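Novice: What follows is work_31.csv, CSV, C-alpha atoms.
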```csv
chain,number,residue,atom,x,y,z
Q,97,MET,CA,-7.7,-36.9,-56.0
Q,98,PRO,CA,-8.7,-38.9,-52.8
Q,99,ALA,CA,-7.2,-42.3,-52.4
Q,100,THR,CA,-10.6,-43.7,-53.3
Q,101,THR,CA,-12.8,-42.4,-56.1
Q,102,LEU,CA,-16.4,-42.6,-56.9
Q,103,ALA,CA,-16.1,-45.0,-59.8
Q,104,ASP,CA,-17.4,-48.4,-58.9
Q,105,MET,CA,-15.4,-49.5,-55.9
Q,106,GLU,CA,-15.0,-53.0,-54.5
Q,107,THR,CA,-14.6,-53.3,-50.8
Q,108,SER,CA,-14.7,-56.2,-48.3
Q,109,ASN,CA,-18.3,-55.3,-47.8
Q,110,GLY,CA,-19.3,-55.4,-51.4
Q,111,THR,CA,-19.6,-52.6,-54.0
Q,112,VAL,CA,-20.2,-48.9,-53.2
Q,113,ARG,CA,-21.1,-46.9,-56.2
Q,114,PRO,CA,-23.0,-43.8,-57.3
Q,115,ALA,CA,-26.7,-44.3,-57.3
Q,116,VAL,CA,-28.8,-44.1,-60.4
Q,117,ILE,CA,-32.5,-43.4,-60.9
Q,118,ALA,CA,-33.2,-47.1,-61.4
Q,119,ASP,CA,-32.1,-47.6,-57.8
Q,120,LEU,CA,-34.8,-45.4,-56.3
Q,121,ASP,CA,-37.3,-48.0,-55.4
Q,122,ALA,CA,-34.7,-50.3,-53.8
Q,123,MET,CA,-33.3,-47.3,-51.9
Q,124,ILE,CA,-36.7,-46.4,-50.5
Q,125,ALA,CA,-37.3,-50.0,-49.5
Q,126,VAL,CA,-34.0,-50.2,-47.6
Q,127,ARG,CA,-34.9,-47.0,-45.8
Q,128,GLN,CA,-38.3,-48.4,-44.8
Q,129,ARG,CA,-36.9,-51.7,-43.6
Q,130,SER,CA,-34.1,-50.0,-41.7
Q,131,ILE,CA,-36.6,-47.7,-39.9
Q,132,GLY,CA,-39.0,-50.5,-39.2
Q,133,ALA,CA,-36.2,-52.4,-37.4
Q,134,LEU,CA,-35.9,-49.7,-34.7
Q,135,SER,CA,-38.9,-50.7,-32.7
Q,136,GLU,CA,-36.8,-51.0,-29.5
Q,137,ALA,CA,-35.6,-47.4,-29.8
Q,138,TYR,CA,-38.8,-45.6,-30.8
Q,139,SER,CA,-42.5,-45.7,-30.3
Q,140,ASN,CA,-44.8,-47.1,-33.0
Q,141,ASP,CA,-46.2,-43.6,-33.7
Q,142,VAL,CA,-42.7,-42.2,-34.3
Q,143,LEU,CA,-41.7,-45.0,-36.6
Q,144,ARG,CA,-45.0,-44.8,-38.5
Q,145,GLY,CA,-44.6,-41.0,-39.0
Q,146,TRP,CA,-41.0,-41.4,-40.0
Q,147,GLN,CA,-41.8,-44.1,-42.6
Q,148,GLN,CA,-44.7,-42.3,-44.0
Q,149,HIS,CA,-42.6,-39.2,-44.8
Q,150,ASP,CA,-42.1,-39.2,-48.5
Q,151,GLU,CA,-38.3,-38.8,-49.3
Q,152,SER,CA,-38.6,-39.9,-53.0
Q,153,THR,CA,-38.5,-36.4,-54.5
Q,154,TYR,CA,-35.7,-35.3,-52.3
Q,155,LEU,CA,-33.7,-38.5,-52.9
Q,156,ALA,CA,-34.3,-38.3,-56.7
Q,157,GLY,CA,-32.8,-34.8,-56.7
Q,158,MET,CA,-29.7,-36.2,-54.8
Q,159,VAL,CA,-29.4,-39.0,-57.4
Q,160,ASP,CA,-29.7,-36.5,-60.3
Q,161,ASP,CA,-27.0,-34.3,-58.7
Q,162,GLU,CA,-24.7,-37.4,-58.4
Q,163,LEU,CA,-24.7,-36.9,-54.6
Q,164,ALA,CA,-26.1,-40.3,-53.6
Q,165,LEU,CA,-24.3,-43.6,-53.1
Q,166,VAL,CA,-25.5,-47.2,-52.7
Q,167,ALA,CA,-23.9,-50.4,-51.4
Q,168,GLU,CA,-24.5,-53.7,-53.1
Q,169,GLN,CA,-23.8,-57.2,-51.7
Q,170,ASP,CA,-25.0,-60.6,-52.7
Q,171,ALA,CA,-26.4,-59.1,-55.9
Q,172,ARG,CA,-28.8,-56.8,-54.0
Q,173,LEU,CA,-28.9,-53.2,-52.8
Q,174,VAL,CA,-28.2,-53.2,-49.1
Q,175,GLY,CA,-27.4,-49.6,-48.1
Q,176,MET,CA,-27.6,-46.0,-49.1
Q,177,VAL,CA,-26.4,-42.5,-48.2
Q,178,ALA,CA,-26.5,-39.0,-49.7
Q,179,LEU,CA,-24.8,-35.6,-49.5
Q,180,ASP,CA,-26.8,-32.5,-49.0
Q,181,LEU,CA,-24.4,-29.8,-50.4
Q,182,ASP,CA,-26.7,-26.9,-49.4
Q,183,LYS,CA,-26.4,-27.9,-45.8
Q,184,GLN,CA,-23.0,-29.6,-46.1
Q,185,GLU,CA,-24.6,-32.5,-44.5
Q,186,LEU,CA,-24.6,-36.3,-44.6
Q,187,VAL,CA,-28.2,-37.5,-44.9
Q,188,LEU,CA,-30.2,-40.8,-45.4
Q,189,LEU,CA,-27.6,-43.3,-44.2
Q,190,PHE,CA,-29.5,-46.5,-44.0
Q,191,THR,CA,-28.4,-50.2,-44.1
Q,192,ASP,CA,-30.7,-53.1,-44.7
Q,193,PRO,CA,-31.2,-54.8,-41.2
Q,194,ALA,CA,-30.1,-58.1,-42.6
Q,195,TYR,CA,-26.7,-56.6,-43.4
Q,196,GLN,CA,-26.1,-54.5,-40.4
Q,197,GLY,CA,-22.9,-55.2,-38.4
Q,198,ARG,CA,-21.0,-56.1,-41.6
Q,199,GLY,CA,-19.4,-52.6,-42.1
Q,200,VAL,CA,-21.7,-51.6,-44.9
Q,201,GLY,CA,-22.7,-48.4,-43.2
Q,202,THR,CA,-19.2,-47.4,-42.4
Q,203,ALA,CA,-18.1,-48.1,-46.0
Q,204,LEU,CA,-20.8,-45.8,-47.2
Q,205,LEU,CA,-20.0,-43.2,-44.6
Q,206,ARG,CA,-16.3,-43.1,-45.6
Q,207,LYS,CA,-17.0,-42.9,-49.3
Q,208,LEU,CA,-19.4,-40.0,-48.8
Q,209,GLU,CA,-16.7,-38.2,-46.7
Q,210,HIS,CA,-14.4,-38.6,-49.7
Q,211,LEU,CA,-17.1,-37.2,-52.0
Q,212,ALA,CA,-17.5,-34.2,-49.7
Q,213,CYS,CA,-13.7,-33.6,-49.9
Q,214,GLU,CA,-14.0,-33.6,-53.7
Q,215,TYR,CA,-16.4,-30.6,-53.4
Q,216,GLY,CA,-13.9,-28.8,-51.2
Q,217,LEU,CA,-15.8,-29.3,-47.9
Q,218,ALA,CA,-13.6,-29.1,-44.8
Q,219,THR,CA,-16.4,-30.0,-42.4
Q,220,LEU,CA,-19.3,-32.5,-42.7
Q,221,ASN,CA,-22.5,-32.1,-40.6
Q,222,LEU,CA,-25.1,-34.7,-39.8
Q,223,GLU,CA,-28.2,-35.3,-37.6
Q,224,ALA,CA,-27.7,-38.4,-35.6
Q,225,THR,CA,-31.0,-40.1,-34.5
Q,226,GLN,CA,-30.8,-41.2,-30.9
Q,227,ASN,CA,-30.1,-44.8,-31.8
Q,228,ALA,CA,-27.1,-43.8,-33.9
Q,229,VAL,CA,-25.3,-41.2,-31.7
Q,230,SER,CA,-22.8,-43.6,-30.2
Q,231,TYR,CA,-22.0,-45.0,-33.7
Q,232,TYR,CA,-21.2,-41.6,-35.1
Q,233,ARG,CA,-19.0,-40.8,-32.0
Q,234,ARG,CA,-17.0,-43.9,-32.8
Q,235,THR,CA,-16.5,-42.8,-36.4
Q,236,GLY,CA,-15.2,-39.4,-35.5
Q,237,TYR,CA,-18.2,-37.1,-35.2
Q,238,ARG,CA,-18.9,-34.8,-32.2
Q,239,GLU,CA,-21.9,-32.9,-31.0
Q,240,ARG,CA,-22.3,-29.3,-32.4
Q,241,PRO,CA,-24.5,-26.4,-31.6
Q,242,VAL,CA,-27.1,-25.7,-34.3
Q,243,GLU,CA,-29.2,-22.6,-35.1
Q,244,ARG,CA,-31.4,-23.9,-37.9
Q,245,SER,CA,-34.3,-26.4,-38.2
Q,246,ARG,CA,-33.3,-30.0,-38.4
Q,247,ARG,CA,-34.8,-32.6,-40.7
Q,248,CYS,CA,-35.1,-35.5,-38.3
Q,249,GLN,CA,-36.5,-33.3,-35.5
Q,250,SER,CA,-39.1,-31.9,-37.9
Q,251,LEU,CA,-40.3,-35.5,-38.4
Q,252,GLY,CA,-40.7,-36.1,-34.7
Q,253,VAL,CA,-37.5,-38.2,-34.5
Q,254,PRO,CA,-35.2,-37.1,-31.7
Q,255,SER,CA,-31.8,-36.3,-33.0
Q,256,THR,CA,-28.4,-34.8,-32.1
Q,257,PRO,CA,-26.6,-32.4,-34.4
Q,258,MET,CA,-23.0,-33.6,-35.0
Q,259,HIS,CA,-20.1,-32.8,-37.3
Q,260,ARG,CA,-16.5,-33.7,-38.0
Q,261,SER,CA,-13.5,-32.1,-39.6
Q,262,LEU,CA,-12.5,-33.6,-43.0
Q,263,GLU,CA,-9.0,-32.0,-43.0
Q,264,THR,CA,-7.3,-35.3,-42.3
Q,265,MET,CA,-9.2,-37.0,-45.1
Q,266,GLN,CA,-8.3,-34.3,-47.7
Q,267,ASN,CA,-5.2,-34.9,-49.8
Q,268,PRO,CA,-2.5,-32.2,-49.9
Q,269,TYR,CA,-3.9,-30.8,-53.1
Q,270,GLN,CA,-7.4,-30.4,-51.6
Q,271,GLN,CA,-5.9,-28.8,-48.5
Q,272,ARG,CA,-4.0,-26.4,-50.7
Q,273,ILE,CA,-7.2,-25.4,-52.5
Q,274,CYS,CA,-9.0,-24.7,-49.2
Q,275,ARG,CA,-6.1,-22.4,-48.2
Q,276,LEU,CA,-6.2,-20.6,-51.5
Q,277,LEU,CA,-9.9,-19.9,-51.1
Q,278,SER,CA,-9.2,-18.3,-47.7
Q,279,ASP,CA,-6.2,-16.3,-49.0
Q,280,LEU,CA,-8.3,-14.9,-51.9
Q,281,ASP,CA,-11.3,-14.2,-49.7
Q,282,LEU,CA,-13.4,-16.6,-51.8
Q,283,PRO,CA,-16.3,-18.5,-50.3
Q,284,ALA,CA,-15.2,-21.6,-48.4
Q,285,ASP,CA,-18.3,-23.4,-49.6
Q,286,TYR,CA,-17.7,-22.4,-53.3
Q,287,GLY,CA,-17.6,-26.0,-54.5
Q,288,ALA,CA,-20.8,-26.9,-52.7
Q,289,ARG,CA,-22.6,-23.8,-53.7
Q,290,HIS,CA,-21.8,-24.2,-57.4
Q,291,ARG,CA,-21.9,-28.0,-57.5
Q,292,LEU,CA,-18.3,-28.1,-58.7
Q,293,LYS,CA,-15.6,-30.6,-57.8
Q,294,VAL,CA,-12.0,-29.9,-57.2
Q,295,HIS,CA,-10.0,-30.7,-60.4
Q,296,PRO,CA,-6.5,-31.9,-59.8
Q,297,GLU,CA,-3.8,-30.5,-62.1
Q,298,ALA,CA,-3.0,-32.7,-65.0
Q,299,PHE,CA,0.4,-34.2,-65.7
Q,300,ALA,CA,2.0,-35.7,-68.9
Q,301,LEU,CA,0.4,-33.1,-71.1
Q,302,THR,CA,1.0,-32.9,-74.8
Q,303,SER,CA,1.0,-30.0,-77.2
Q,304,ILE,CA,-2.0,-29.2,-79.5
Q,305,GLY,CA,-0.2,-26.3,-81.2
Q,306,SER,CA,-0.8,-22.6,-80.8
Q,307,ASP,CA,-4.0,-20.8,-79.8
Q,308,VAL,CA,-5.4,-17.7,-81.5
Q,309,PHE,CA,-2.9,-15.6,-79.5
Q,310,GLU,CA,0.1,-17.6,-80.6
Q,311,ARG,CA,0.5,-19.3,-77.2
Q,312,GLU,CA,1.3,-23.0,-77.1
Q,313,GLN,CA,-1.6,-25.0,-75.6
Q,314,LYS,CA,-1.6,-28.5,-74.0
Q,315,LEU,CA,-4.1,-31.2,-73.1
Q,316,LEU,CA,-3.9,-34.7,-71.8
Q,317,PRO,CA,-2.8,-37.1,-74.5
Q,318,ALA,CA,-6.2,-38.7,-75.0
Q,319,ALA,CA,-8.0,-35.3,-75.0
Q,320,ALA,CA,-5.3,-33.9,-77.4
Q,321,ASP,CA,-5.8,-36.8,-79.9
Q,322,ALA,CA,-9.6,-36.4,-79.7
Q,323,TRP,CA,-9.3,-32.6,-80.2
Q,324,LEU,CA,-6.9,-32.8,-83.2
Q,325,THR,CA,-9.1,-35.5,-84.8
Q,326,MET,CA,-12.3,-33.4,-84.2
Q,327,GLN,CA,-10.5,-30.3,-85.5
Q,328,GLN,CA,-9.5,-32.0,-88.7
Q,329,THR,CA,-12.9,-33.6,-89.3
Q,330,ALA,CA,-14.5,-30.1,-88.9
Q,331,ARG,CA,-11.9,-28.7,-91.4
Q,332,ASP,CA,-12.9,-31.4,-93.8
Q,333,ASP,CA,-16.5,-30.2,-93.5
Q,334,GLY,CA,-15.4,-26.6,-94.2
Q,335,ILE,CA,-15.4,-25.5,-90.5
Q,336,ASP,CA,-12.5,-23.9,-88.7
Q,337,LEU,CA,-12.2,-24.7,-85.0
Q,338,LEU,CA,-9.6,-22.6,-83.3
Q,339,VAL,CA,-8.2,-22.8,-79.8
Q,340,ILE,CA,-8.5,-20.0,-77.3
Q,341,SER,CA,-7.0,-21.9,-74.3
Q,342,ALA,CA,-6.7,-25.4,-72.9
Q,343,TYR,CA,-4.7,-26.5,-69.8
Q,344,ARG,CA,-4.4,-23.9,-67.0
Q,345,SER,CA,-2.5,-24.4,-63.8
Q,346,VAL,CA,-3.9,-23.4,-60.4
Q,347,ASP,CA,-1.3,-20.6,-60.2
Q,348,TYR,CA,-2.6,-19.3,-63.5
Q,349,GLN,CA,-6.2,-19.2,-62.1
Q,350,VAL,CA,-5.0,-17.5,-58.9
Q,351,ASP,CA,-3.3,-14.8,-61.0
Q,352,LEU,CA,-6.5,-14.4,-63.2
Q,353,ILE,CA,-8.7,-13.9,-60.1
Q,354,ARG,CA,-6.2,-11.4,-58.5
Q,355,ARG,CA,-5.9,-9.4,-61.7
Q,356,LYS,CA,-9.7,-9.1,-61.9
Q,357,CYS,CA,-9.9,-8.1,-58.3
Q,358,ASP,CA,-7.1,-5.5,-58.8
Q,359,ARG,CA,-9.2,-4.0,-61.6
Q,360,GLY,CA,-12.0,-3.4,-59.1
Q,361,GLN,CA,-14.3,-6.3,-60.1
Q,362,CYS,CA,-16.3,-7.8,-57.2
Q,363,VAL,CA,-15.9,-11.4,-56.3
Q,364,GLU,CA,-19.5,-12.3,-57.0
Q,365,ASP,CA,-19.2,-11.1,-60.6
Q,366,ILE,CA,-15.8,-12.7,-61.1
Q,367,LEU,CA,-17.1,-16.1,-60.0
Q,368,LYS,CA,-19.9,-16.0,-62.6
Q,369,VAL,CA,-17.3,-16.2,-65.4
Q,370,SER,CA,-14.2,-17.6,-63.8
Q,371,ALA,CA,-14.1,-20.7,-61.6
Q,372,ALA,CA,-12.2,-20.5,-58.3
Q,373,PRO,CA,-8.7,-21.9,-58.3
Q,374,GLY,CA,-8.9,-25.7,-58.0
Q,375,PHE,CA,-12.4,-25.9,-59.5
Q,376,SER,CA,-11.6,-25.0,-63.1
Q,377,GLU,CA,-12.0,-27.8,-65.6
Q,378,HIS,CA,-9.0,-26.4,-67.3
Q,379,HIS,CA,-6.8,-27.8,-64.5
Q,380,SER,CA,-7.7,-31.3,-65.6
Q,381,GLY,CA,-6.1,-31.0,-69.1
Q,382,ARG,CA,-9.5,-32.0,-70.6
Q,383,ALA,CA,-11.1,-28.6,-71.1
Q,384,ILE,CA,-10.7,-26.4,-74.2
Q,385,ASP,CA,-12.1,-23.1,-75.1
Q,386,ILE,CA,-12.9,-22.9,-78.8
Q,387,THR,CA,-13.7,-20.2,-81.3
Q,388,GLY,CA,-14.2,-19.9,-85.1
Q,389,SER,CA,-12.6,-17.9,-87.7
Q,390,ASP,CA,-15.5,-15.4,-88.0
Q,391,THR,CA,-16.1,-14.3,-84.4
Q,392,GLU,CA,-14.2,-12.7,-81.4
Q,393,PRO,CA,-13.0,-15.2,-78.8
Q,394,LEU,CA,-15.0,-15.7,-75.6
Q,395,GLU,CA,-18.1,-14.0,-76.8
Q,396,GLU,CA,-21.6,-15.4,-76.4
Q,397,ILE,CA,-22.3,-14.6,-80.1
Q,398,PHE,CA,-20.2,-17.7,-80.9
Q,399,GLU,CA,-23.4,-19.7,-80.5
Q,400,ASP,CA,-24.7,-18.1,-83.7
Q,401,THR,CA,-21.7,-19.4,-85.8
Q,402,ALA,CA,-21.4,-22.4,-88.1
Q,403,ALA,CA,-18.6,-23.6,-85.8
Q,404,PHE,CA,-20.9,-23.8,-82.8
Q,405,ALA,CA,-23.6,-25.5,-84.8
Q,406,TRP,CA,-21.1,-28.1,-85.9
Q,407,LEU,CA,-19.9,-28.7,-82.4
Q,408,MET,CA,-23.4,-29.2,-81.1
Q,409,GLN,CA,-24.1,-31.8,-83.7
Q,410,HIS,CA,-20.7,-33.6,-83.8
Q,411,ALA,CA,-18.6,-33.0,-80.6
Q,412,GLY,CA,-20.2,-35.8,-78.7
Q,413,ARG,CA,-18.8,-38.3,-81.2
Q,414,PHE,CA,-15.3,-37.2,-80.2
Q,415,GLY,CA,-16.0,-37.3,-76.4
Q,416,PHE,CA,-16.6,-33.6,-75.9
Q,417,ARG,CA,-19.5,-32.0,-74.1
Q,418,LEU,CA,-20.6,-28.4,-73.5
Q,419,SER,CA,-19.9,-27.7,-69.8
Q,420,TYR,CA,-21.9,-24.6,-69.1
Q,421,PRO,CA,-25.1,-24.4,-71.2
Q,422,ARG,CA,-27.7,-21.7,-70.4
Q,423,ASP,CA,-29.1,-21.8,-66.9
Q,424,ASN,CA,-26.7,-24.6,-65.8
Q,425,ARG,CA,-26.9,-25.9,-62.3
Q,426,HIS,CA,-23.4,-24.5,-61.5
Q,427,GLY,CA,-24.5,-20.9,-61.7
Q,428,ILE,CA,-21.8,-20.3,-64.2
Q,429,ALA,CA,-22.4,-17.9,-67.1
Q,430,TYR,CA,-23.4,-19.4,-70.4
Q,431,GLU,CA,-20.1,-20.4,-72.2
Q,432,PRO,CA,-20.8,-21.8,-75.7
Q,433,TRP,CA,-17.0,-21.9,-76.3
Q,434,HIS,CA,-16.1,-24.1,-73.3
Q,435,TRP,CA,-16.0,-27.9,-74.0
Q,436,TYR,CA,-14.8,-30.8,-71.9
Q,437,TYR,CA,-13.4,-34.2,-72.9
Q,438,THR,CA,-15.3,-36.9,-71.0
Q,439,ALA,CA,-13.9,-40.2,-72.4
Q,440,ASN,CA,-11.3,-42.2,-70.5
```
Would you give me this structure, written as structure tokens?
Specialist:
Amino acid sequence: MPATTLADMETSNGTVRPAVIADLDAMIAVRQRSIGALSEAYSNDVLRGWQQHDESTYLAGMVDDELALVAEQDARLVGMVALDLDKQELVLLFTDPAYQGRGVGTALLRKLEHLACEYGLATLNLEATQNAVSYYRRTGYRERPVERSRRCQSLGVPSTPMHRSLETMQNPYQQRICRLLSDLDLPADYGARHRLKVHPEAFALTSIGSDVFEREQKLLPAAADAWLTMQQTARDDGIDLLVISAYRSVDYQVDLIRRKCDRGQCVEDILKVSAAPGFSEHHSGRAIDITGSDTEPLEEIFEDTAAFAWLMQHAGRFGFRLSYPRDNRHGIAYEPWHWYYTAN
């Protein structure tokens, strides 16, 4: 993982954390105050039109997708930024005028760059309004050509398209995953497109016994304990929960993709049912594929079994959630058998 994570983070400039819906009003207020303080850079007409543009729906979507960050200092929200994965672009970086010059914006910028790395992005774009071009140059961004419409320009706010490489910010594992995507001819923007983060390979795994194919399976110790407790509880209720697979290495996932390609399957179809190497939850040692005693493994019909009904009612008590329900935001096929341990 990156040296910094997106859990609540203390910095010399306060706390940078993921935004929640309850922050929306304060975030909009910071945006309005920040724009209003730019009277020396823009005309009143430009500022008025900029402020009157309603970003609330767009921003709420970013918060729901866990792609927005806020900064807090002195017990108040003083900054915000978001990541538009569809455009691989940093957007809505604003700092309360009373807190500018304290490094709040740069702290948000760097945390967002780390977030972009977690989604496998190797480059980050942005639109620098004319008052901010020199700032972004100092932080490593350079002008770039652009062939599409630009958010700020469409609002009548002069802007300069810029970008920077994130390669030096990626850790060696993230760099490896980017190389593998290229080697396998998989989309470089796979993580962004599917809203999937890179999952580091787990260490210190512990056995949970054999799967239905008589292969030993492993999970992280906490996930293993939770699984074995859940399995026994289900058994006490007359339900057999059986393992199909648990931890998988990146190399395993690479071989899986290559075997499917060798059988003539197209990449688009493969990625509907198999995550790209590096993006599979199985790498984390927290994911487990489950079946019952009365159905074939990895079949959607599992949703009609007593085992699945039991999981839907009780799995949350043990820290497990269904990762890929119907019509999930990741574009992954419905997998009633795939469950992920979320507790620490």
Novice: Give me, as a Markdown table, each residue of stretch 209-324 of chain Q that comes within 10 Å of stretch 360-367 of chain Q, together with its shortest interatomic pair and the distance in Å at one decimal, counting all atoms listed in the file, with rows ordered by chain and rising residue number.
Specialist:
```
| residue | atom | partner | partner_atom | distance |
| --- | --- | --- | --- | --- |
| Q:Leu280 | CA | Q:Val363 | CA | 9.5 |
| Q:Asp281 | CA | Q:Val363 | CA | 8.5 |
| Q:Leu282 | CA | Q:Val363 | CA | 7.3 |
| Q:Pro283 | CA | Q:Val363 | CA | 9.3 |
| Q:Tyr286 | CA | Q:Leu367 | CA | 9.2 |
| Q:His290 | CA | Q:Leu367 | CA | 9.7 |
```
Novice: Do you have the atom CA of Q:Pro268-atom CA of Q:Ala288 distance handy?
Specialist: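 For atom CA of Q:Pro268 relative to atom CA of Q:Ala288, the distance reads 19.3 Å.
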Novice: Take atom CA of Q:Val346 and atom CA of Q:Leu301 and report the distance between them in Å, one decimal.
Specialist: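 Interatomic distance here is 15.1 Å.
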Novice: Go ahead and compute the interatomic distance for atom CA of Q:Thr153 and atom CA of Q:Met123, in Å to one decimal.
Specialist: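 Those two atoms sit 12.4 Å apart.
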Novice: I need the residue nearest Q:Leu316 from this list: Q:Thr438, Q:Glu399, Q:Gln270, Q:Asp358. Use all atoms listed in the file for the distance.
Specialist: Q:Thr438
Novice: Write out as a ChimeraX atom specification the residues lying within 12 Å of stretch 124-141 of chain Q, counting all atoms listed in the file and excluding same-chain residues fewer than 6 positions away.
Specialist: /Q:117-118,147-156,166-168,172-177,187-196,201,225-228,251-255
Novice: Quick one: residues within 10 Å of Q:Ile428, only C-alpha atoms counted, chain neighbours fewer than 5 positions away excluded, as a list in words?
Specialist: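 Answer for this query is His290, Leu367, Lys368, Val369, Ser370, Ala371, Ser419, Tyr420, Pro421, Arg422 and Asp423 of chain Q.
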Novice: Tell me which of Q:Lys183, Q:Arg240, Q:Arg206, Q:Arg331 sits closest to Q:Asp285, counting only C-alpha atoms.
Specialist: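 Answer, going by the shortest atom-to-atom distance: Q:Lys183.
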Novice: Pull the neighbourhood of (-4.6, -29.0, -55.0) for me: all residues within 8 Å in file coordinates, counting all atoms listed in the file, as a PyMOL selection string.
Specialist: chain Q and resi 267-273+294-297+346+374
